[in-house]
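Student: This is run21.cif (mmCIF, C-alpha atoms).
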data_coords
loop_
_atom_site.group_PDB
_atom_site.id
_atom_site.type_symbol
_atom_site.label_atom_id
_atom_site.label_comp_id
_atom_site.auth_asym_id
_atom_site.auth_seq_id
_atom_site.Cartn_x
_atom_site.Cartn_y
_atom_site.Cartn_z
ATOM 1 C CA MET Z 524 10.994 -50.801 49.858
ATOM 2 C CA ARG Z 525 11.781 -53.040 46.919
ATOM 3 C CA ARG Z 526 13.298 -51.524 43.792
ATOM 4 C CA ARG Z 527 10.268 -52.444 41.624
ATOM 5 C CA GLU Z 528 7.878 -50.753 44.076
ATOM 6 C CA PHE Z 529 10.107 -47.681 44.246
ATOM 7 C CA LEU Z 530 10.149 -47.298 40.469
ATOM 8 C CA SER Z 531 6.393 -47.721 40.331
ATOM 9 C CA LEU Z 532 5.924 -45.039 42.959
ATOM 10 C CA LEU Z 533 8.372 -42.735 41.179
ATOM 11 C CA GLY Z 534 6.481 -43.115 37.911
ATOM 12 C CA GLY Z 535 3.154 -42.261 39.507
ATOM 13 C CA THR Z 536 4.631 -39.284 41.293
ATOM 14 C CA ALA Z 537 6.267 -37.985 38.133
ATOM 15 C CA ALA Z 538 2.912 -38.024 36.350
ATOM 16 C CA ALA Z 539 1.575 -35.689 38.983
ATOM 17 C CA TRP Z 540 4.445 -33.254 38.801
ATOM 18 C CA PRO Z 541 3.627 -29.869 37.159
ATOM 19 C CA ILE Z 542 4.719 -29.275 33.575
ATOM 20 C CA PRO Z 543 7.992 -27.302 33.539
ATOM 21 C CA THR Z 544 7.511 -23.533 33.634
ATOM 22 C CA TRP Z 545 9.037 -23.009 30.182
ATOM 23 C CA ALA Z 546 6.416 -25.271 28.626
ATOM 24 C CA GLN Z 547 3.610 -23.170 30.078
ATOM 25 C CA GLN Z 548 4.792 -19.924 28.526
ATOM 26 C CA PRO Z 549 2.478 -18.658 25.765
ATOM 27 C CA ARG Z 550 3.921 -18.263 22.293
ATOM 28 C CA ILE Z 551 5.272 -14.765 21.766
ATOM 29 C CA PRO Z 552 3.294 -13.197 18.905
ATOM 30 C CA VAL Z 553 5.273 -12.302 15.805
ATOM 31 C CA ILE Z 554 4.386 -9.124 13.926
ATOM 32 C CA GLY Z 555 5.318 -9.029 10.263
ATOM 33 C CA PHE Z 556 6.079 -5.457 9.194
ATOM 34 C CA LEU Z 557 6.048 -5.051 5.416
ATOM 35 C CA HIS Z 558 7.573 -1.763 4.196
ATOM 36 C CA GLN Z 559 7.354 -0.545 0.609
ATOM 37 C CA GLY Z 560 10.383 1.694 1.089
ATOM 38 C CA PRO Z 561 13.750 1.560 2.882
ATOM 39 C CA PRO Z 562 14.180 1.177 6.651
ATOM 40 C CA ASP Z 563 12.057 3.841 8.292
ATOM 41 C CA PRO Z 564 13.637 6.644 10.318
ATOM 42 C CA SER Z 565 13.934 5.810 14.005
ATOM 43 C CA THR Z 566 11.240 8.380 14.764
ATOM 44 C CA MET Z 567 8.693 6.367 12.761
ATOM 45 C CA THR Z 568 9.756 3.031 14.193
ATOM 46 C CA ASN Z 569 9.660 4.455 17.708
ATOM 47 C CA ALA Z 570 6.175 5.843 17.096
ATOM 48 C CA PHE Z 571 4.972 2.392 15.991
ATOM 49 C CA LEU Z 572 6.565 0.816 19.064
ATOM 50 C CA GLN Z 573 4.921 3.454 21.251
ATOM 51 C CA GLY Z 574 1.520 2.487 19.875
ATOM 52 C CA LEU Z 575 2.258 -1.164 20.622
ATOM 53 C CA LYS Z 576 3.395 -0.240 24.121
ATOM 54 C CA GLU Z 577 0.158 1.614 24.786
ATOM 55 C CA MET Z 578 -1.590 -1.705 24.164
ATOM 56 C CA GLY Z 579 0.760 -3.580 26.477
ATOM 57 C CA PHE Z 580 3.224 -5.049 23.947
ATOM 58 C CA ILE Z 581 6.964 -4.439 24.099
ATOM 59 C CA GLU Z 582 9.320 -5.742 21.421
ATOM 60 C CA GLY Z 583 11.702 -8.307 22.813
ATOM 61 C CA ARG Z 584 9.590 -8.914 25.884
ATOM 62 C CA ASN Z 585 6.169 -10.113 24.808
ATOM 63 C CA ALA Z 586 6.235 -9.434 21.058
ATOM 64 C CA LYS Z 587 8.626 -9.917 18.138
ATOM 65 C CA ILE Z 588 8.773 -7.940 14.901
ATOM 66 C CA GLU Z 589 9.932 -9.336 11.561
ATOM 67 C CA HIS Z 590 10.732 -6.386 9.247
ATOM 68 C CA ARG Z 591 10.764 -6.721 5.463
ATOM 69 C CA TRP Z 592 11.791 -3.756 3.267
ATOM 70 C CA ALA Z 593 11.190 -3.410 -0.458
ATOM 71 C CA ASN Z 594 13.402 -0.307 -0.700
ATOM 72 C CA GLY Z 595 11.011 1.271 -3.188
ATOM 73 C CA VAL Z 596 11.166 -1.712 -5.573
ATOM 74 C CA HIS Z 597 7.487 -2.636 -5.710
ATOM 75 C CA ASP Z 598 8.097 -5.786 -7.757
ATOM 76 C CA VAL Z 599 9.620 -7.553 -4.747
ATOM 77 C CA LEU Z 600 6.659 -6.889 -2.442
ATOM 78 C CA PRO Z 601 4.699 -10.056 -3.397
ATOM 79 C CA THR Z 602 7.740 -12.218 -2.638
ATOM 80 C CA ILE Z 603 8.501 -10.752 0.771
ATOM 81 C CA ALA Z 604 4.803 -10.655 1.645
ATOM 82 C CA ALA Z 605 4.608 -14.370 0.840
ATOM 83 C CA ASP Z 606 7.590 -14.952 3.112
ATOM 84 C CA LEU Z 607 5.772 -13.379 6.067
ATOM 85 C CA VAL Z 608 2.688 -15.475 5.339
ATOM 86 C CA LYS Z 609 4.835 -18.610 5.165
ATOM 87 C CA ARG Z 610 6.263 -17.779 8.579
ATOM 88 C CA ARG Z 611 2.691 -17.645 9.942
ATOM 89 C CA VAL Z 612 3.067 -14.295 11.634
ATOM 90 C CA SER Z 613 0.265 -13.251 13.981
ATOM 91 C CA VAL Z 614 -0.483 -10.014 12.132
ATOM 92 C CA ILE Z 615 0.982 -8.033 9.221
ATOM 93 C CA ALA Z 616 1.536 -4.290 9.435
ATOM 94 C CA ALA Z 617 1.836 -2.866 5.905
ATOM 95 C CA ASN Z 618 3.510 0.486 5.326
ATOM 96 C CA PHE Z 619 1.708 2.249 2.448
ATOM 97 C CA TYR Z 620 -0.707 1.004 -0.192
ATOM 98 C CA PRO Z 621 1.548 -1.172 -2.422
ATOM 99 C CA ALA Z 622 2.664 -3.169 0.623
ATOM 100 C CA ALA Z 623 -0.909 -3.533 1.855
ATOM 101 C CA ARG Z 624 -2.056 -4.675 -1.587
ATOM 102 C CA ALA Z 625 0.720 -7.273 -1.777
ATOM 103 C CA ALA Z 626 -0.120 -8.600 1.689
ATOM 104 C CA LYS Z 627 -3.825 -8.821 0.933
ATOM 105 C CA ASP Z 628 -3.127 -10.728 -2.274
ATOM 106 C CA LYS Z 629 -1.156 -13.338 -0.301
ATOM 107 C CA THR Z 630 -3.473 -14.050 2.636
ATOM 108 C CA ALA Z 631 -7.161 -13.888 3.489
ATOM 109 C CA THR Z 632 -6.708 -15.135 7.042
ATOM 110 C CA ILE Z 633 -3.785 -13.316 8.700
ATOM 111 C CA PRO Z 634 -4.979 -9.892 9.951
ATOM 112 C CA ILE Z 635 -3.493 -6.965 8.019
ATOM 113 C CA ILE Z 636 -3.180 -3.444 9.436
ATOM 114 C CA PHE Z 637 -2.288 -0.957 6.707
ATOM 115 C CA LEU Z 638 -0.925 2.572 6.696
ATOM 116 C CA SER Z 639 -2.143 3.877 3.346
ATOM 117 C CA GLY Z 640 -2.000 7.184 1.523
ATOM 118 C CA ARG Z 641 -4.820 6.162 -0.812
ATOM 119 C CA ASP Z 642 -8.557 5.907 -0.247
ATOM 120 C CA PRO Z 643 -8.713 2.291 1.013
ATOM 121 C CA VAL Z 644 -12.222 1.708 -0.375
ATOM 122 C CA GLU Z 645 -11.391 3.124 -3.800
ATOM 123 C CA ALA Z 646 -8.137 1.144 -3.802
ATOM 124 C CA GLY Z 647 -9.930 -2.104 -2.981
ATOM 125 C CA LEU Z 648 -8.313 -2.725 0.393
ATOM 126 C CA VAL Z 649 -11.607 -2.638 2.306
ATOM 127 C CA SER Z 650 -15.288 -2.569 1.407
ATOM 128 C CA SER Z 651 -16.219 -0.032 4.076
ATOM 129 C CA LEU Z 652 -14.446 2.421 6.361
ATOM 130 C CA ASP Z 653 -16.795 1.893 9.297
ATOM 131 C CA ARG Z 654 -16.928 -1.893 9.167
ATOM 132 C CA PRO Z 655 -14.266 -3.354 6.883
ATOM 133 C CA GLU Z 656 -14.939 -6.930 5.847
ATOM 134 C CA GLY Z 657 -12.355 -9.684 5.700
ATOM 135 C CA ASN Z 658 -8.925 -9.528 7.297
ATOM 136 C CA VAL Z 659 -7.902 -5.944 6.532
ATOM 137 C CA THR Z 660 -8.220 -2.562 8.293
ATOM 138 C CA GLY Z 661 -5.842 0.227 9.238
ATOM 139 C CA VAL Z 662 -4.957 3.904 9.112
ATOM 140 C CA ALA Z 663 -5.772 5.954 6.013
ATOM 141 C CA PHE Z 664 -4.614 9.394 4.960
ATOM 142 C CA LYS Z 665 -4.294 11.296 1.716
ATOM 143 C CA PHE Z 666 -0.970 12.870 0.859
ATOM 144 C CA THR Z 667 -2.806 14.694 -1.896
ATOM 145 C CA LEU Z 668 -4.880 16.601 0.638
ATOM 146 C CA SER Z 669 -1.789 18.707 1.268
ATOM 147 C CA VAL Z 670 -0.765 19.263 -2.377
ATOM 148 C CA ALA Z 671 -2.880 22.386 -2.898
ATOM 149 C CA ASN Z 672 -1.640 23.838 0.381
ATOM 150 C CA SER Z 673 1.943 22.973 -0.550
ATOM 151 C CA LEU Z 674 1.688 24.909 -3.813
ATOM 152 C CA GLN Z 675 0.118 27.857 -2.003
ATOM 153 C CA LEU Z 676 2.901 27.871 0.586
ATOM 154 C CA LEU Z 677 5.552 27.849 -2.136
ATOM 155 C CA LYS Z 678 3.846 30.788 -3.842
ATOM 156 C CA GLU Z 679 4.028 32.674 -0.550
ATOM 157 C CA LEU Z 680 7.652 31.664 -0.097
ATOM 158 C CA MET Z 681 8.701 32.800 -3.587
ATOM 159 C CA PRO Z 682 5.975 35.058 -5.001
ATOM 160 C CA LYS Z 683 8.143 36.213 -7.934
ATOM 161 C CA ALA Z 684 8.870 32.695 -9.223
ATOM 162 C CA THR Z 685 7.648 32.120 -12.770
ATOM 163 C CA ALA Z 686 6.772 28.491 -12.123
ATOM 164 C CA ILE Z 687 6.900 25.716 -9.552
ATOM 165 C CA ALA Z 688 8.611 22.446 -10.408
ATOM 166 C CA VAL Z 689 7.204 19.132 -9.185
ATOM 167 C CA LEU Z 690 9.265 15.965 -8.824
ATOM 168 C CA MET Z 691 7.392 12.662 -8.961
ATOM 169 C CA ASN Z 692 8.091 8.975 -9.538
ATOM 170 C CA PRO Z 693 6.373 7.965 -12.812
ATOM 171 C CA LYS Z 694 6.657 4.265 -11.880
ATOM 172 C CA SER Z 695 4.712 4.654 -8.666
ATOM 173 C CA PRO Z 696 1.290 2.904 -8.592
ATOM 174 C CA ASP Z 697 -0.138 6.286 -7.555
ATOM 175 C CA ALA Z 698 1.675 8.309 -10.228
ATOM 176 C CA GLU Z 699 -1.326 9.051 -12.436
ATOM 177 C CA LEU Z 700 -3.543 9.967 -9.496
ATOM 178 C CA GLY Z 701 -0.824 12.138 -7.968
ATOM 179 C CA LEU Z 702 -0.248 13.973 -11.244
ATOM 180 C CA GLN Z 703 -3.963 14.655 -11.637
ATOM 181 C CA ASP Z 704 -4.155 16.051 -8.119
ATOM 182 C CA VAL Z 705 -1.192 18.378 -8.475
ATOM 183 C CA GLN Z 706 -2.350 19.629 -11.887
ATOM 184 C CA SER Z 707 -5.837 20.274 -10.526
ATOM 185 C CA ALA Z 708 -4.391 22.184 -7.573
ATOM 186 C CA ALA Z 709 -2.182 24.253 -9.890
ATOM 187 C CA ARG Z 710 -5.133 25.199 -12.110
ATOM 188 C CA ALA Z 711 -7.104 26.339 -9.077
ATOM 189 C CA LEU Z 712 -4.187 28.589 -8.082
ATOM 190 C CA ASP Z 713 -3.492 29.702 -11.684
ATOM 191 C CA GLN Z 714 0.026 28.390 -11.138
ATOM 192 C CA GLN Z 715 2.382 27.253 -13.904
ATOM 193 C CA LEU Z 716 3.918 23.836 -13.308
ATOM 194 C CA ILE Z 717 6.970 22.030 -14.600
ATOM 195 C CA VAL Z 718 6.600 18.297 -13.950
ATOM 196 C CA LEU Z 719 9.765 16.243 -13.640
ATOM 197 C CA GLY Z 720 9.894 12.466 -13.334
ATOM 198 C CA ALA Z 721 12.525 10.298 -11.676
ATOM 199 C CA SER Z 722 12.469 6.624 -10.752
ATOM 200 C CA ASP Z 723 16.182 6.066 -10.068
ATOM 201 C CA ASP Z 724 19.277 7.922 -8.847
ATOM 202 C CA ARG Z 725 20.262 9.113 -12.320
ATOM 203 C CA GLY Z 726 16.768 10.448 -12.959
ATOM 204 C CA ILE Z 727 16.879 12.529 -9.800
ATOM 205 C CA ALA Z 728 20.295 13.932 -10.688
ATOM 206 C CA LYS Z 729 19.090 14.883 -14.191
ATOM 207 C CA ALA Z 730 15.980 16.552 -12.767
ATOM 208 C CA PHE Z 731 18.026 18.813 -10.491
ATOM 209 C CA ALA Z 732 20.496 19.644 -13.251
ATOM 210 C CA LYS Z 733 17.573 20.717 -15.427
ATOM 211 C CA LEU Z 734 16.167 22.832 -12.611
ATOM 212 C CA ALA Z 735 19.492 24.542 -12.051
ATOM 213 C CA GLU Z 736 19.745 25.327 -15.760
ATOM 214 C CA SER Z 737 16.228 26.729 -16.105
ATOM 215 C CA ARG Z 738 16.064 28.467 -12.713
ATOM 216 C CA VAL Z 739 12.276 28.438 -12.730
ATOM 217 C CA GLY Z 740 11.801 28.613 -8.978
ATOM 218 C CA PRO Z 741 11.077 26.259 -6.099
ATOM 219 C CA LEU Z 742 10.622 22.490 -6.229
ATOM 220 C CA LEU Z 743 7.895 20.374 -4.645
ATOM 221 C CA VAL Z 744 8.774 16.716 -4.024
ATOM 222 C CA LEU Z 745 5.677 14.521 -4.071
ATOM 223 C CA ALA Z 746 5.273 11.741 -1.524
ATOM 224 C CA ASP Z 747 6.353 8.364 -2.876
ATOM 225 C CA GLY Z 748 8.089 5.364 -1.337
ATOM 226 C CA PHE Z 749 11.074 5.630 -3.684
ATOM 227 C CA LEU Z 750 11.532 9.401 -3.358
ATOM 228 C CA ILE Z 751 11.140 9.284 0.409
ATOM 229 C CA GLY Z 752 13.874 6.675 0.450
ATOM 230 C CA GLN Z 753 16.157 9.044 -1.499
ATOM 231 C CA GLN Z 754 16.176 11.638 1.259
ATOM 232 C CA THR Z 755 19.963 11.983 1.420
ATOM 233 C CA GLN Z 756 20.377 12.413 -2.348
ATOM 234 C CA LEU Z 757 17.500 14.886 -2.623
ATOM 235 C CA ILE Z 758 18.814 17.109 0.158
ATOM 236 C CA ALA Z 759 22.368 16.957 -1.189
ATOM 237 C CA LEU Z 760 21.291 17.990 -4.708
ATOM 238 C CA ALA Z 761 18.977 20.724 -3.431
ATOM 239 C CA THR Z 762 21.948 22.117 -1.488
ATOM 240 C CA ARG Z 763 24.381 21.727 -4.381
ATOM 241 C CA TYR Z 764 22.161 23.497 -6.897
ATOM 242 C CA ALA Z 765 20.635 25.921 -4.370
ATOM 243 C CA VAL Z 766 17.083 24.845 -5.230
ATOM 244 C CA PRO Z 767 14.489 25.890 -2.617
ATOM 245 C CA THR Z 768 12.738 22.555 -2.077
ATOM 246 C CA MET Z 769 9.603 21.547 -0.213
ATOM 247 C CA TYR Z 770 9.386 17.953 0.994
ATOM 248 C CA PRO Z 771 6.389 15.848 2.056
ATOM 249 C CA LEU Z 772 7.743 14.877 5.500
ATOM 250 C CA ARG Z 773 9.432 16.700 8.393
ATOM 251 C CA GLN Z 774 12.289 14.186 8.501
ATOM 252 C CA PHE Z 775 13.747 15.895 5.406
ATOM 253 C CA VAL Z 776 13.907 19.257 7.180
ATOM 254 C CA THR Z 777 15.487 17.898 10.339
ATOM 255 C CA ALA Z 778 18.105 16.269 8.063
ATOM 256 C CA GLY Z 779 18.976 19.572 6.344
ATOM 257 C CA GLY Z 780 16.093 20.369 3.987
ATOM 258 C CA LEU Z 781 14.442 23.777 3.693
ATOM 259 C CA ILE Z 782 10.740 23.233 4.307
ATOM 260 C CA SER Z 783 8.179 20.450 4.569
ATOM 261 C CA TYR Z 784 4.425 20.307 4.596
ATOM 262 C CA GLY Z 785 2.584 17.060 4.948
ATOM 263 C CA LEU Z 786 1.240 14.303 7.061
ATOM 264 C CA ASN Z 787 2.443 13.832 10.619
ATOM 265 C CA LEU Z 788 3.697 10.309 9.959
ATOM 266 C CA SER Z 789 4.722 9.742 13.560
ATOM 267 C CA ASP Z 790 1.095 10.046 14.623
ATOM 268 C CA ALA Z 791 -0.005 7.679 11.843
ATOM 269 C CA PHE Z 792 2.651 5.093 12.772
ATOM 270 C CA ARG Z 793 1.595 5.267 16.436
ATOM 271 C CA ARG Z 794 -2.031 4.654 15.470
ATOM 272 C CA THR Z 795 -0.913 1.691 13.351
ATOM 273 C CA GLY Z 796 0.900 0.253 16.346
ATOM 274 C CA ILE Z 797 -2.220 0.640 18.483
ATOM 275 C CA TYR Z 798 -4.331 -1.277 15.960
ATOM 276 C CA VAL Z 799 -1.733 -4.052 15.737
ATOM 277 C CA GLY Z 800 -1.823 -4.288 19.526
ATOM 278 C CA ARG Z 801 -5.604 -4.542 19.528
ATOM 279 C CA ILE Z 802 -5.405 -7.400 17.038
ATOM 280 C CA LEU Z 803 -2.883 -9.180 19.279
ATOM 281 C CA LYS Z 804 -5.336 -8.779 22.148
ATOM 282 C CA GLY Z 805 -7.939 -10.734 20.191
ATOM 283 C CA GLU Z 806 -9.970 -8.127 18.284
ATOM 284 C CA LYS Z 807 -10.804 -8.713 14.629
ATOM 285 C CA PRO Z 808 -10.256 -6.337 11.678
ATOM 286 C CA ILE Z 809 -13.987 -6.244 10.955
ATOM 287 C CA ASP Z 810 -14.576 -4.679 14.376
ATOM 288 C CA LEU Z 811 -11.928 -1.961 13.898
ATOM 289 C CA PRO Z 812 -13.076 0.964 11.712
ATOM 290 C CA VAL Z 813 -10.474 2.450 9.389
ATOM 291 C CA VAL Z 814 -8.819 5.396 11.151
ATOM 292 C CA GLN Z 815 -8.639 8.506 8.979
ATOM 293 C CA SER Z 816 -5.549 10.531 9.853
ATOM 294 C CA THR Z 817 -5.602 14.179 8.742
ATOM 295 C CA LYS Z 818 -2.960 15.713 10.998
ATOM 296 C CA VAL Z 819 -0.458 17.684 8.909
ATOM 297 C CA GLU Z 820 2.480 19.878 9.882
ATOM 298 C CA LEU Z 821 4.592 22.695 8.458
ATOM 299 C CA VAL Z 822 8.297 22.642 9.371
ATOM 300 C CA ILE Z 823 10.836 25.295 8.349
ATOM 301 C CA ASN Z 824 14.629 25.302 8.635
ATOM 302 C CA LEU Z 825 15.812 28.899 9.033
ATOM 303 C CA LYS Z 826 19.478 27.937 8.765
ATOM 304 C CA ILE Z 827 18.911 26.497 5.289
ATOM 305 C CA ALA Z 828 16.776 29.489 4.282
ATOM 306 C CA LYS Z 829 19.644 31.807 5.217
ATOM 307 C CA ALA Z 830 22.120 29.715 3.221
ATOM 308 C CA LEU Z 831 19.810 30.019 0.180
ATOM 309 C CA GLY Z 832 19.414 33.759 0.666
ATOM 310 C CA LEU Z 833 15.700 33.409 1.359
ATOM 311 C CA GLU Z 834 13.776 35.452 3.878
ATOM 312 C CA ILE Z 835 10.812 33.480 5.192
ATOM 313 C CA PRO Z 836 7.662 35.623 5.258
ATOM 314 C CA PRO Z 837 6.351 36.259 8.793
ATOM 315 C CA THR Z 838 3.012 34.728 7.765
ATOM 316 C CA LEU Z 839 4.716 31.396 7.078
ATOM 317 C CA LEU Z 840 6.699 31.494 10.291
ATOM 318 C CA ALA Z 841 3.528 32.166 12.256
ATOM 319 C CA ARG Z 842 1.829 29.133 10.719
ATOM 320 C CA ALA Z 843 4.768 26.755 11.178
ATOM 321 C CA ASP Z 844 4.364 23.886 13.606
ATOM 322 C CA GLU Z 845 8.130 23.860 14.087
ATOM 323 C CA VAL Z 846 10.921 26.255 13.190
ATOM 324 C CA ILE Z 847 14.481 24.926 13.229
ATOM 325 C CA ASP Z 848 17.114 27.621 13.863
#
Please express the file's structure as structure tokens.
Tutor:
Amino acid sequence: MRRREFLSLLGGTAAAWPIPTWAQQPRIPVIGFLHQGPPDPSTMTNAFLQGLKEMGFIEGRNAKIEHRWANGVHDVLPTIAADLVKRRVSVIAANFYPAARAAKDKTATIPIIFLSGRDPVEAGLVSSLDRPEGNVTGVAFKFTLSVANSLQLLKELMPKATAIAVLMNPKSPDAELGLQDVQSAARALDQQLIVLGASDDRGIAKAFAKLAESRVGPLLVLADGFLIGQQTQLIALATRYAVPTMYPLRQFVTAGGLISYGLNLSDAFRRTGIYVGRILKGEKPIDLPVVQSTKVELVINLKIAKALGLEIPPTLLARADEVID
């Protein structure tokens, strides 16, 4: 066979060869995870990954996650949300309302799955719970649903206390609404409140020093991205000043806090992961009704109670979802 004929045959054969296997692989979807606070505890991240896994997606195998944390500084959310949009992620998971709002303001096309503690219709995230329009849906809950119960539990814990102190972040987008809710709950219980505000480390330290000086009674920490991110400082100061403190999430109690009552965030994160997985499978936000999560839990640390000289009433122990010895 002549060289020219051989080359001609080789060229025709090459055209018929299959495309290399690597070129046939589908693009691995990238999930942008926008957090309003600091890096989430491993329990929350694992719950989100579990939800993804239930839908057939495993990080590092057939899905990638790009995390962006605002560390409680809400002003940076628009910038990091824009970064995820610029990277053309397949879907954005937004942890809590400020993150969801920032993501929605930056894109009307990339699907957004939120985890929000505010009414998503009232907050303007969606037009309807049953059939949200546009590119947004998710998991909704109300931290404030547990505020009245939290105050009642603290009254049972320390019935002789003259007042209950409440620590909140006055710079939070939900500050005014949260204050209204806690004041309304206190009036219904005929309970005196002392409201303390803190939006930085120094503010938290001053709040605890004031509590130690006045010795009014227990403290309720309201749910907020910044305060949740200050878990270590809050527990350390509560221990230092011997302030019986109730937190909004169980992670505080497992880390050395006294008591928590609030949303089961692990369940909410898992549901968020499931919705992200459904989007990756081709479903659209408009076809996914907003999930309303109402599962709450009471967790008590008996070791910390003993250190504070508190005896937990049997009624509280009987109602606890978990008791840590």
Student: What are the closest atom pairs, with distances in Å to one decimal, for all residues of range 814-840 of chain Z lying within 12 Å of range 636-653 of chain Z? Consider all atoms listed in the file, order rows by chain and residue number, and present the result as JSON lines.
Tutor:
{"residue": "Z:Val814", "atom": "CA", "partner": "Z:Leu652", "partner_atom": "CA", "distance": 8.0}
{"residue": "Z:Gln815", "atom": "CA", "partner": "Z:Leu652", "partner_atom": "CA", "distance": 8.8}
{"residue": "Z:Ser816", "atom": "CA", "partner": "Z:Gly640", "partner_atom": "CA", "distance": 9.7}
{"residue": "Z:Thr817", "atom": "CA", "partner": "Z:Gly640", "partner_atom": "CA", "distance": 10.7}
Student: Counting all atoms listed in the file, which residues of range 621-704 of chain Z fall within 12 Å of range 780-783 of chain Z, and what is the closest atom pair for each with its distance in Å at one decimal, ordered by chain and rising number, as CSV?
Tutor:
residue,atom,partner,partner_atom,distance
Z:Ser669,CA,Z:Ser783,CA,10.6
Z:Val670,CA,Z:Ser783,CA,11.4
Z:Asn672,CA,Z:Ser783,CA,11.2
Z:Ser673,CA,Z:Ser783,CA,8.5
Z:Leu674,CA,Z:Ser783,CA,11.5
Z:Leu676,CA,Z:Ile782,CA,9.8
Z:Leu677,CA,Z:Ile782,CA,9.5
Z:Leu680,CA,Z:Ile782,CA,10.0
Student: Take the PyMOL selection byres ((chain Z and resi 621-623) around 10), apply it to the structure above, and return the hits as an MDAnalysis selection string.
Tutor: chainID Z and resid 556:560 592:593 595 597:601 603:604 615:620 624:628 635:641 643 648 659:661 695:697 748
Student: The PyMOL selection byres ((chain Z and resi 743) around 7) - which residues does that actually catch in the file I just gave you? List them as a short mmCIF file (atom, residue, chain, number, x, y, z; two decimals) with C-alpha atoms, in the coordinates of the input.
Tutor:
data_model
loop_
_atom_site.label_atom_id
_atom_site.label_comp_id
_atom_site.auth_asym_id
_atom_site.auth_seq_id
_atom_site.Cartn_x
_atom_site.Cartn_y
_atom_site.Cartn_z
CA ALA Z 688 8.61 22.45 -10.41
CA VAL Z 689 7.20 19.13 -9.18
CA LEU Z 690 9.26 15.96 -8.82
CA PRO Z 741 11.08 26.26 -6.10
CA LEU Z 742 10.62 22.49 -6.23
CA VAL Z 744 8.77 16.72 -4.02
CA LEU Z 745 5.68 14.52 -4.07
CA THR Z 768 12.74 22.56 -2.08
CA MET Z 769 9.60 21.55 -0.21
CA TYR Z 770 9.39 17.95 0.99
#
Student: Could you state which residues are captured by the PyMOL selection byres ((chain Z and resi 751-761) around 7) in this file, as a list in words?
Tutor: Gly560, Pro561, Phe731, Ala746, Asp747, Gly748, Phe749, Leu750, Thr762, Arg763, Tyr764, Ala765, Val766, Pro767, Thr768, Phe775, Gly779 and Gly780 of chain Z
Student: Rounded to one decimal in Å, what is the spacing between CA of Ile847 in chain Z and CA of Leu831 in chain Z?
Tutor: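 Distance between the two atoms: 15.0 Å.
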Student: Let me make sure I understand: among Z:Ala728, Z:Leu772, Z:Lys665, Z:Pro836, which one has the smallest atom-to-atom distance to Asp704 in chain Z if we use only C-alpha atoms?
Tutor: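 Of Z:Ala728, Z:Leu772, Z:Lys665, Z:Pro836, the one nearest Asp704 in chain Z is Z:Lys665, counting only C-alpha atoms.
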Student: Would you compute, for all listed atoms of range 621-626 of chain Z, the axis-aligned bounding box grown by 6 Å on each side, and then report its centre and edge lengths in Å rounded to one decimal, as AutoDock Vina command-line options?
Tutor:
--center_x 0.3 --center_y -4.9 --center_z -0.3 --size_x 16.7 --size_y 19.4 --size_z 16.3
Student: So that I can check the surroundings of Pro564 in chain Z, please list as a list in words every protein, DNA and RNA residue that reaches within 10 Å of it, counting only C-alpha atoms and ignoring chain neighbours fewer than 5 positions away.
Tutor: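 With the cut-off at 10 Å, the set is Asn569, Gly752, Gln774 and Ser789 of chain Z.
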Student: As an exercise, work out the distance from CA of Arg584 in chain Z to CA of Val799 in chain Z in Å and give it to one decimal place.
Tutor: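 These two atoms are separated by 16.0 Å.
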Student: Could you jot down the CA of Met578 in chain Z to CA of Asn658 in chain Z separation for me, Å, one decimal place?
Tutor: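 Interatomic distance here is 20.0 Å.
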